[in-house]
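target16.cif follows (mmCIF, N, CA and C atoms and all ligand atoms):
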data_my_file
#
loop_
_atom_site.label_atom_id
_atom_site.label_comp_id
_atom_site.auth_asym_id
_atom_site.auth_seq_id
_atom_site.Cartn_x
_atom_site.Cartn_y
_atom_site.Cartn_z
N MET S 1 16.22 11.53 9.16
CA MET S 1 16.23 10.24 8.43
C MET S 1 14.80 9.82 8.09
N LEU S 2 13.95 9.80 9.12
CA LEU S 2 12.55 9.43 8.88
C LEU S 2 11.90 10.45 7.96
N PHE S 3 12.25 11.71 8.21
CA PHE S 3 11.70 12.78 7.37
C PHE S 3 12.11 12.57 5.91
N ALA S 4 13.38 12.25 5.70
CA ALA S 4 13.86 12.04 4.34
C ALA S 4 13.13 10.88 3.67
N LEU S 5 12.86 9.83 4.42
CA LEU S 5 12.17 8.69 3.83
C LEU S 5 10.73 9.05 3.47
N SER S 6 10.09 9.83 4.34
CA SER S 6 8.71 10.18 4.02
C SER S 6 8.66 11.13 2.82
N MET S 7 9.67 12.00 2.71
CA MET S 7 9.75 12.85 1.54
C MET S 7 9.94 12.01 0.28
N ASN S 8 10.60 10.88 0.47
CA ASN S 8 10.90 10.02 -0.65
C ASN S 8 9.65 9.60 -1.41
N TYR S 9 8.57 9.28 -0.68
CA TYR S 9 7.38 8.93 -1.45
C TYR S 9 6.39 10.07 -1.59
N SER S 10 6.54 11.13 -0.78
CA SER S 10 5.58 12.23 -0.96
C SER S 10 5.77 12.92 -2.31
N HIS S 11 7.00 12.93 -2.81
CA HIS S 11 7.16 13.54 -4.14
C HIS S 11 6.55 12.64 -5.22
N LEU S 12 6.52 11.32 -4.97
CA LEU S 12 5.84 10.42 -5.90
C LEU S 12 4.33 10.60 -5.83
N VAL S 13 3.84 10.82 -4.61
CA VAL S 13 2.40 11.02 -4.44
C VAL S 13 1.94 12.21 -5.26
N SER S 14 2.76 13.26 -5.28
CA SER S 14 2.38 14.46 -6.05
C SER S 14 2.40 14.18 -7.56
N ARG S 15 3.05 13.08 -7.93
CA ARG S 15 3.12 12.75 -9.36
C ARG S 15 2.11 11.69 -9.78
N ILE S 16 1.22 11.31 -8.87
CA ILE S 16 0.18 10.35 -9.23
C ILE S 16 -0.66 10.91 -10.38
N ILE S 17 -0.88 10.07 -11.37
CA ILE S 17 -1.54 10.52 -12.59
C ILE S 17 -3.02 10.14 -12.52
N GLU S 18 -3.88 11.13 -12.66
CA GLU S 18 -5.30 10.80 -12.77
C GLU S 18 -5.66 10.71 -14.23
N LEU S 19 -6.10 9.52 -14.63
CA LEU S 19 -6.38 9.29 -16.04
C LEU S 19 -7.82 9.67 -16.35
N PRO S 20 -8.05 10.21 -17.52
CA PRO S 20 -9.43 10.45 -17.94
C PRO S 20 -10.13 9.11 -18.15
N VAL S 21 -11.37 9.03 -17.69
CA VAL S 21 -12.11 7.78 -17.82
C VAL S 21 -12.95 7.85 -19.08
N ASP S 22 -12.81 6.84 -19.87
CA ASP S 22 -13.61 6.75 -21.09
C ASP S 22 -15.07 6.46 -20.71
N PRO S 23 -15.99 7.36 -21.04
CA PRO S 23 -17.39 7.14 -20.63
C PRO S 23 -17.97 5.86 -21.21
N LEU S 24 -17.50 5.46 -22.38
CA LEU S 24 -18.02 4.24 -23.00
C LEU S 24 -17.57 3.00 -22.24
N ALA S 25 -16.44 3.11 -21.58
CA ALA S 25 -15.92 1.96 -20.85
C ALA S 25 -16.57 1.82 -19.48
N MET S 26 -17.33 2.85 -19.12
CA MET S 26 -17.94 2.82 -17.79
C MET S 26 -19.17 1.94 -17.76
N ASN S 27 -19.27 1.22 -16.69
CA ASN S 27 -20.46 0.40 -16.48
C ASN S 27 -21.60 1.30 -16.01
N CYS S 28 -22.81 1.04 -16.48
CA CYS S 28 -23.96 1.87 -16.11
C CYS S 28 -24.21 1.84 -14.61
N SER S 29 -23.86 0.76 -13.97
CA SER S 29 -24.12 0.63 -12.54
C SER S 29 -23.12 1.43 -11.71
N THR S 30 -22.07 1.91 -12.35
CA THR S 30 -21.07 2.69 -11.62
C THR S 30 -21.42 4.17 -11.73
N SER S 31 -21.49 4.85 -10.62
CA SER S 31 -21.79 6.27 -10.69
C SER S 31 -20.57 7.01 -11.22
N PRO S 32 -20.80 8.03 -12.05
CA PRO S 32 -19.67 8.72 -12.71
C PRO S 32 -18.65 9.28 -11.72
N SER S 33 -19.14 9.76 -10.58
CA SER S 33 -18.22 10.37 -9.63
C SER S 33 -17.23 9.35 -9.05
N ARG S 34 -17.61 8.10 -9.07
CA ARG S 34 -16.72 7.07 -8.51
C ARG S 34 -15.79 6.49 -9.55
N ALA S 35 -16.08 6.72 -10.81
CA ALA S 35 -15.27 6.10 -11.85
C ALA S 35 -14.05 6.95 -12.14
N ARG S 36 -13.07 6.82 -11.28
CA ARG S 36 -11.83 7.55 -11.48
C ARG S 36 -10.69 6.55 -11.51
N VAL S 37 -9.69 6.89 -12.29
CA VAL S 37 -8.56 5.97 -12.42
C VAL S 37 -7.27 6.73 -12.12
N PHE S 38 -6.51 6.18 -11.21
CA PHE S 38 -5.24 6.80 -10.85
C PHE S 38 -4.11 5.83 -11.19
N GLN S 39 -3.08 6.34 -11.81
CA GLN S 39 -1.96 5.48 -12.18
C GLN S 39 -0.73 5.83 -11.36
N CYS S 40 -0.05 4.79 -10.91
CA CYS S 40 1.21 4.95 -10.21
C CYS S 40 2.22 5.65 -11.12
N PRO S 41 2.97 6.65 -10.59
CA PRO S 41 3.93 7.36 -11.44
C PRO S 41 5.14 6.53 -11.86
N THR S 42 5.39 5.42 -11.17
CA THR S 42 6.61 4.66 -11.48
C THR S 42 6.36 3.27 -12.05
N CYS S 43 5.12 2.83 -12.14
CA CYS S 43 4.83 1.54 -12.76
C CYS S 43 3.45 1.60 -13.40
N PRO S 44 3.08 0.58 -14.18
CA PRO S 44 1.81 0.67 -14.91
C PRO S 44 0.55 0.36 -14.09
N LYS S 45 0.69 0.11 -12.81
CA LYS S 45 -0.47 -0.27 -12.02
C LYS S 45 -1.46 0.88 -11.89
N ARG S 46 -2.74 0.53 -11.93
CA ARG S 46 -3.80 1.53 -11.83
C ARG S 46 -4.74 1.19 -10.70
N PHE S 47 -5.31 2.23 -10.11
CA PHE S 47 -6.20 2.06 -8.97
C PHE S 47 -7.38 3.00 -9.10
N SER S 48 -8.46 2.65 -8.42
CA SER S 48 -9.66 3.50 -8.51
C SER S 48 -9.70 4.57 -7.44
N ALA S 49 -8.77 4.52 -6.48
CA ALA S 49 -8.73 5.53 -5.43
C ALA S 49 -7.30 6.02 -5.25
N LYS S 50 -7.18 7.31 -5.03
CA LYS S 50 -5.85 7.88 -4.85
C LYS S 50 -5.17 7.29 -3.61
N SER S 51 -5.96 7.05 -2.56
CA SER S 51 -5.38 6.48 -1.34
C SER S 51 -4.77 5.10 -1.61
N SER S 52 -5.36 4.37 -2.55
CA SER S 52 -4.81 3.05 -2.91
C SER S 52 -3.46 3.19 -3.58
N VAL S 53 -3.31 4.23 -4.41
CA VAL S 53 -2.02 4.45 -5.07
C VAL S 53 -0.97 4.83 -4.03
N ILE S 54 -1.37 5.70 -3.09
CA ILE S 54 -0.43 6.11 -2.05
C ILE S 54 0.04 4.90 -1.26
N GLN S 55 -0.89 4.03 -0.91
CA GLN S 55 -0.53 2.82 -0.17
C GLN S 55 0.38 1.93 -1.02
N HIS S 56 0.08 1.85 -2.30
CA HIS S 56 0.91 1.06 -3.22
C HIS S 56 2.33 1.62 -3.27
N ILE S 57 2.46 2.96 -3.38
CA ILE S 57 3.80 3.58 -3.43
C ILE S 57 4.54 3.34 -2.12
N LYS S 58 3.79 3.44 -1.02
CA LYS S 58 4.41 3.36 0.29
C LYS S 58 4.91 1.95 0.62
N TYR S 59 4.14 0.95 0.21
CA TYR S 59 4.44 -0.41 0.65
C TYR S 59 4.82 -1.37 -0.47
N ASP S 60 4.34 -1.11 -1.67
CA ASP S 60 4.34 -2.16 -2.67
C ASP S 60 5.27 -1.87 -3.84
N CYS S 61 5.20 -0.67 -4.39
CA CYS S 61 5.85 -0.37 -5.66
C CYS S 61 7.37 -0.46 -5.54
N ASN S 62 7.97 -1.34 -6.31
CA ASN S 62 9.43 -1.52 -6.33
C ASN S 62 10.01 -1.82 -4.95
N ARG S 63 9.19 -2.36 -4.08
CA ARG S 63 9.68 -2.63 -2.74
C ARG S 63 9.66 -4.13 -2.47
N LEU S 64 10.60 -4.55 -1.64
CA LEU S 64 10.62 -5.93 -1.18
C LEU S 64 9.69 -6.04 0.02
N PRO S 65 9.21 -7.25 0.30
CA PRO S 65 8.43 -7.42 1.52
C PRO S 65 9.27 -7.03 2.73
N ARG S 66 8.83 -6.04 3.46
CA ARG S 66 9.69 -5.47 4.51
C ARG S 66 9.19 -5.80 5.91
N PHE S 67 8.00 -6.34 6.02
CA PHE S 67 7.46 -6.67 7.32
C PHE S 67 7.60 -8.16 7.59
N VAL S 68 8.16 -8.50 8.73
CA VAL S 68 8.46 -9.89 9.04
C VAL S 68 7.71 -10.29 10.30
N CYS S 69 7.11 -11.48 10.27
CA CYS S 69 6.48 -12.04 11.46
C CYS S 69 7.55 -12.32 12.50
N PRO S 70 7.35 -11.86 13.75
CA PRO S 70 8.37 -12.12 14.78
C PRO S 70 8.39 -13.57 15.26
N TYR S 71 7.42 -14.37 14.84
CA TYR S 71 7.30 -15.75 15.34
C TYR S 71 7.66 -16.80 14.31
N CYS S 72 7.73 -16.41 13.05
CA CYS S 72 8.17 -17.35 12.01
C CYS S 72 8.80 -16.52 10.89
N ASP S 73 9.04 -17.10 9.75
CA ASP S 73 9.76 -16.39 8.70
C ASP S 73 8.87 -15.72 7.67
N LYS S 74 7.58 -15.70 7.95
CA LYS S 74 6.68 -15.11 6.96
C LYS S 74 6.97 -13.62 6.78
N ARG S 75 6.97 -13.19 5.53
CA ARG S 75 7.18 -11.79 5.20
C ARG S 75 5.99 -11.24 4.43
N SER S 76 5.80 -9.95 4.54
CA SER S 76 4.72 -9.32 3.79
C SER S 76 5.09 -7.88 3.47
N LYS S 77 4.52 -7.38 2.41
CA LYS S 77 4.70 -5.96 2.09
C LYS S 77 3.81 -5.09 2.96
N TYR S 78 2.76 -5.66 3.49
CA TYR S 78 1.78 -4.87 4.23
C TYR S 78 1.70 -5.33 5.68
N PRO S 79 1.74 -4.37 6.62
CA PRO S 79 1.62 -4.77 8.02
C PRO S 79 0.29 -5.42 8.33
N PHE S 80 -0.80 -4.95 7.71
CA PHE S 80 -2.10 -5.51 8.08
C PHE S 80 -2.25 -6.96 7.66
N SER S 81 -1.59 -7.37 6.57
CA SER S 81 -1.70 -8.78 6.20
C SER S 81 -0.87 -9.65 7.14
N LEU S 82 0.20 -9.06 7.68
CA LEU S 82 0.99 -9.79 8.67
C LEU S 82 0.23 -9.89 10.00
N TYR S 83 -0.48 -8.82 10.34
CA TYR S 83 -1.30 -8.87 11.56
C TYR S 83 -2.35 -9.98 11.44
N LYS S 84 -2.93 -10.07 10.26
CA LYS S 84 -3.92 -11.13 10.04
C LYS S 84 -3.26 -12.50 10.16
N HIS S 85 -2.08 -12.63 9.58
CA HIS S 85 -1.33 -13.89 9.67
C HIS S 85 -1.09 -14.26 11.14
N ILE S 86 -0.67 -13.28 11.96
CA ILE S 86 -0.38 -13.58 13.37
C ILE S 86 -1.65 -14.02 14.09
N ARG S 87 -2.75 -13.33 13.81
CA ARG S 87 -4.02 -13.73 14.45
C ARG S 87 -4.43 -15.14 14.04
N ASP S 88 -4.16 -15.48 12.78
CA ASP S 88 -4.57 -16.80 12.29
C ASP S 88 -3.64 -17.90 12.75
N VAL S 89 -2.33 -17.63 12.69
CA VAL S 89 -1.34 -18.70 12.89
C VAL S 89 -0.78 -18.70 14.30
N HIS S 90 -0.66 -17.53 14.89
CA HIS S 90 -0.12 -17.43 16.25
C HIS S 90 -1.14 -16.72 17.14
N PRO S 91 -2.29 -17.35 17.35
CA PRO S 91 -3.39 -16.64 18.03
C PRO S 91 -3.07 -16.22 19.46
N ASP S 92 -2.11 -16.87 20.11
CA ASP S 92 -1.81 -16.52 21.50
C ASP S 92 -0.71 -15.46 21.61
N CYS S 93 -0.21 -15.00 20.47
CA CYS S 93 0.93 -14.09 20.50
C CYS S 93 0.49 -12.65 20.31
N LYS S 94 1.34 -11.76 20.79
CA LYS S 94 1.10 -10.33 20.59
C LYS S 94 1.16 -10.01 19.10
N VAL S 95 0.23 -9.17 18.67
CA VAL S 95 0.18 -8.84 17.25
C VAL S 95 1.05 -7.62 16.97
N TYR S 96 2.21 -7.87 16.42
CA TYR S 96 3.06 -6.79 15.94
C TYR S 96 3.96 -7.37 14.86
N CYS S 97 4.68 -6.52 14.16
CA CYS S 97 5.57 -7.05 13.14
C CYS S 97 6.89 -6.30 13.15
N LYS S 98 7.90 -6.95 12.65
CA LYS S 98 9.21 -6.32 12.52
C LYS S 98 9.28 -5.64 11.16
N ASP S 99 9.77 -4.42 11.17
CA ASP S 99 9.87 -3.65 9.93
C ASP S 99 11.34 -3.56 9.54
N LEU S 100 11.71 -4.27 8.48
CA LEU S 100 13.11 -4.33 8.07
C LEU S 100 13.61 -3.01 7.52
N SER S 101 12.73 -2.18 7.03
CA SER S 101 13.16 -0.94 6.41
C SER S 101 13.61 0.09 7.43
N GLY S 102 13.15 -0.07 8.68
CA GLY S 102 13.48 0.92 9.70
C GLY S 102 12.60 2.15 9.64
N GLU S 103 11.66 2.19 8.71
CA GLU S 103 10.74 3.32 8.66
C GLU S 103 9.73 3.20 9.79
N LYS S 104 9.32 4.35 10.28
CA LYS S 104 8.34 4.33 11.36
C LYS S 104 6.99 3.88 10.80
N GLU S 105 6.36 2.99 11.52
CA GLU S 105 5.08 2.47 11.06
C GLU S 105 4.02 2.68 12.13
N ASP S 106 2.85 3.07 11.71
CA ASP S 106 1.75 3.23 12.66
C ASP S 106 1.34 1.86 13.17
N THR S 107 1.25 1.72 14.47
CA THR S 107 0.79 0.47 15.03
C THR S 107 -0.50 0.70 15.79
N ARG S 108 -1.25 -0.34 15.93
CA ARG S 108 -2.48 -0.22 16.69
C ARG S 108 -2.38 -1.01 17.97
ZN ZN S 201 3.88 1.40 -8.76
ZN ZN S 202 4.20 -16.20 11.70
#
Output the file's structure in the form of structure tokens.
Amino acid sequence: MLFALSMNYSHLVSRIIELPVDPLAMNCSTSPSRARVFQCPTCPKRFSAKSSVIQHIKYDCNRLPRFVCPYCDKRSKYPFSLYKHIRDVHPDCKVYCKDLSGEKEDTR
């Protein structure tokens, strides 16, 4: 089950599109090696790093907020923003989140 879910986005990851960067559109202060554009295979969003696209596919793209604060009703697409919320709003509580999707999530 977990394997199937991870396969679900790994095939999307292989379809991430690296767009050619127009040299004229590049800012002189940006080094050419860093000026790369990656587009999500399933929506028009673009990112400057492939890891950002992977994170977008994994948590954000066509997904509902799946992480829920265990202490209130706040929801987030990203566990780290929920961890920040818990530290800010529930400073005395253990920092963890509920994952509605049932997918395994790395915790710290
Ligand atoms: Zn997308
Ligand atoms: Zn909360």
Worksheet item: Can I get the residues close to ligand ZN 202 (chain S) as a ChimeraX atom specification, where close means within 6 Å and we count only N, CA and C atoms and all ligand atoms?
Response: /S:69-74,85-86,90
Discussion item. At a cut-off of 6 Å, using only C-alpha atoms, what residues contact Pro65 in chain S? Leave out same-chain residues fewer than 5 positions from it and give the result as a list of chain:residue names.
Written reply: S:Arg75, S:Ser76, S:Lys77
Discussion item. Taking only N, CA and C atoms and all ligand atoms into account, which residues have an atom no farther than 5 Å from ligand ZN 201 (chain S)? I'd like them as JSON, numbers by chain.
Written reply: {"S": [40, 42, 43, 61]}
File dump, residues just selected, N, CA and C atoms, as a compact mmCIF listing (two decimals), in the coordinates of the input:
# COMPACT_ATOMS: atom_id res chain seq x y z
N CYS S 40 -0.05 4.79 -10.91
CA CYS S 40 1.21 4.95 -10.21
C CYS S 40 2.22 5.65 -11.12
N THR S 42 5.39 5.42 -11.17
CA THR S 42 6.61 4.66 -11.48
C THR S 42 6.36 3.27 -12.05
N CYS S 43 5.12 2.83 -12.14
CA CYS S 43 4.83 1.54 -12.76
C CYS S 43 3.45 1.60 -13.40
N CYS S 61 5.20 -0.67 -4.39
CA CYS S 61 5.85 -0.37 -5.66
C CYS S 61 7.37 -0.46 -5.54
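The space separating CA of Asp60 in chain S from CA of Cys93 in chain S comes to 26.3 Å.
Separating CA of Pro41 in chain S from CA of Ile16 in chain S is a distance of 5.3 Å.
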Fill in: Test item: residues at most 8 Å from Cys97 in chain S, all atoms listed in the file, excluding those fewer than 3 positions along its chain, as a VMD selection string
chain S and resid 66 to 71 79 82 to 83 94 100
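Pairwise distance (atom C of Lys45 in chain S, CA of Ser101 in chain S) equals 23.5 Å.
All residues in range 13-104 of chain S with a DSSP state of alpha helix (DSSP H), computed from the backbone, read Val13, Lys50, Ser51, Ser52, Val53, Ile54, Gln55, Pro79, Phe80, Ser81, Leu82, Tyr83, Lys84, His85, Ile86, Arg87, Asp88 and Val89 of chain S.
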Using N, CA and C atoms, can you export the residues from the last selection as a short mmCIF file (atom, residue, chain, number, x, y, z; two decimals), keeping the file's coordinate frame?
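Writing the result to result.cif gives the following:
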data_model
loop_
_atom_site.label_atom_id
_atom_site.label_comp_id
_atom_site.auth_asym_id
_atom_site.auth_seq_id
_atom_site.Cartn_x
_atom_site.Cartn_y
_atom_site.Cartn_z
N VAL S 13 3.84 10.82 -4.61
CA VAL S 13 2.40 11.02 -4.44
C VAL S 13 1.94 12.21 -5.26
N LYS S 50 -7.18 7.31 -5.03
CA LYS S 50 -5.85 7.88 -4.85
C LYS S 50 -5.17 7.29 -3.61
N SER S 51 -5.96 7.05 -2.56
CA SER S 51 -5.38 6.48 -1.34
C SER S 51 -4.77 5.10 -1.61
N SER S 52 -5.36 4.37 -2.55
CA SER S 52 -4.81 3.05 -2.91
C SER S 52 -3.46 3.19 -3.58
N VAL S 53 -3.31 4.23 -4.41
CA VAL S 53 -2.02 4.45 -5.07
C VAL S 53 -0.97 4.83 -4.03
N ILE S 54 -1.37 5.70 -3.09
CA ILE S 54 -0.43 6.11 -2.05
C ILE S 54 0.04 4.90 -1.26
N GLN S 55 -0.89 4.03 -0.91
CA GLN S 55 -0.53 2.82 -0.17
C GLN S 55 0.38 1.93 -1.02
N PRO S 79 1.74 -4.37 6.62
CA PRO S 79 1.62 -4.77 8.02
C PRO S 79 0.29 -5.42 8.33
N PHE S 80 -0.80 -4.95 7.71
CA PHE S 80 -2.10 -5.51 8.08
C PHE S 80 -2.25 -6.96 7.66
N SER S 81 -1.59 -7.37 6.57
CA SER S 81 -1.70 -8.78 6.20
C SER S 81 -0.87 -9.65 7.14
N LEU S 82 0.20 -9.06 7.68
CA LEU S 82 0.99 -9.79 8.67
C LEU S 82 0.23 -9.89 10.00
N TYR S 83 -0.48 -8.82 10.34
CA TYR S 83 -1.30 -8.87 11.56
C TYR S 83 -2.35 -9.98 11.44
N LYS S 84 -2.93 -10.07 10.26
CA LYS S 84 -3.92 -11.13 10.04
C LYS S 84 -3.26 -12.50 10.16
N HIS S 85 -2.08 -12.63 9.58
CA HIS S 85 -1.33 -13.89 9.67
C HIS S 85 -1.09 -14.26 11.14
N ILE S 86 -0.67 -13.28 11.96
CA ILE S 86 -0.38 -13.58 13.37
C ILE S 86 -1.65 -14.02 14.09
N ARG S 87 -2.75 -13.33 13.81
CA ARG S 87 -4.02 -13.73 14.45
C ARG S 87 -4.43 -15.14 14.04
N ASP S 88 -4.16 -15.48 12.78
CA ASP S 88 -4.57 -16.80 12.29
C ASP S 88 -3.64 -17.90 12.75
N VAL S 89 -2.33 -17.63 12.69
CA VAL S 89 -1.34 -18.70 12.89
C VAL S 89 -0.78 -18.70 14.30
#
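Remark: for Ser81 in chain S, the closest of the candidate residues S:Ser10, S:Gln39, S:Tyr59, S:Gly102 is S:Tyr59 (distances computed over only C-alpha atoms).
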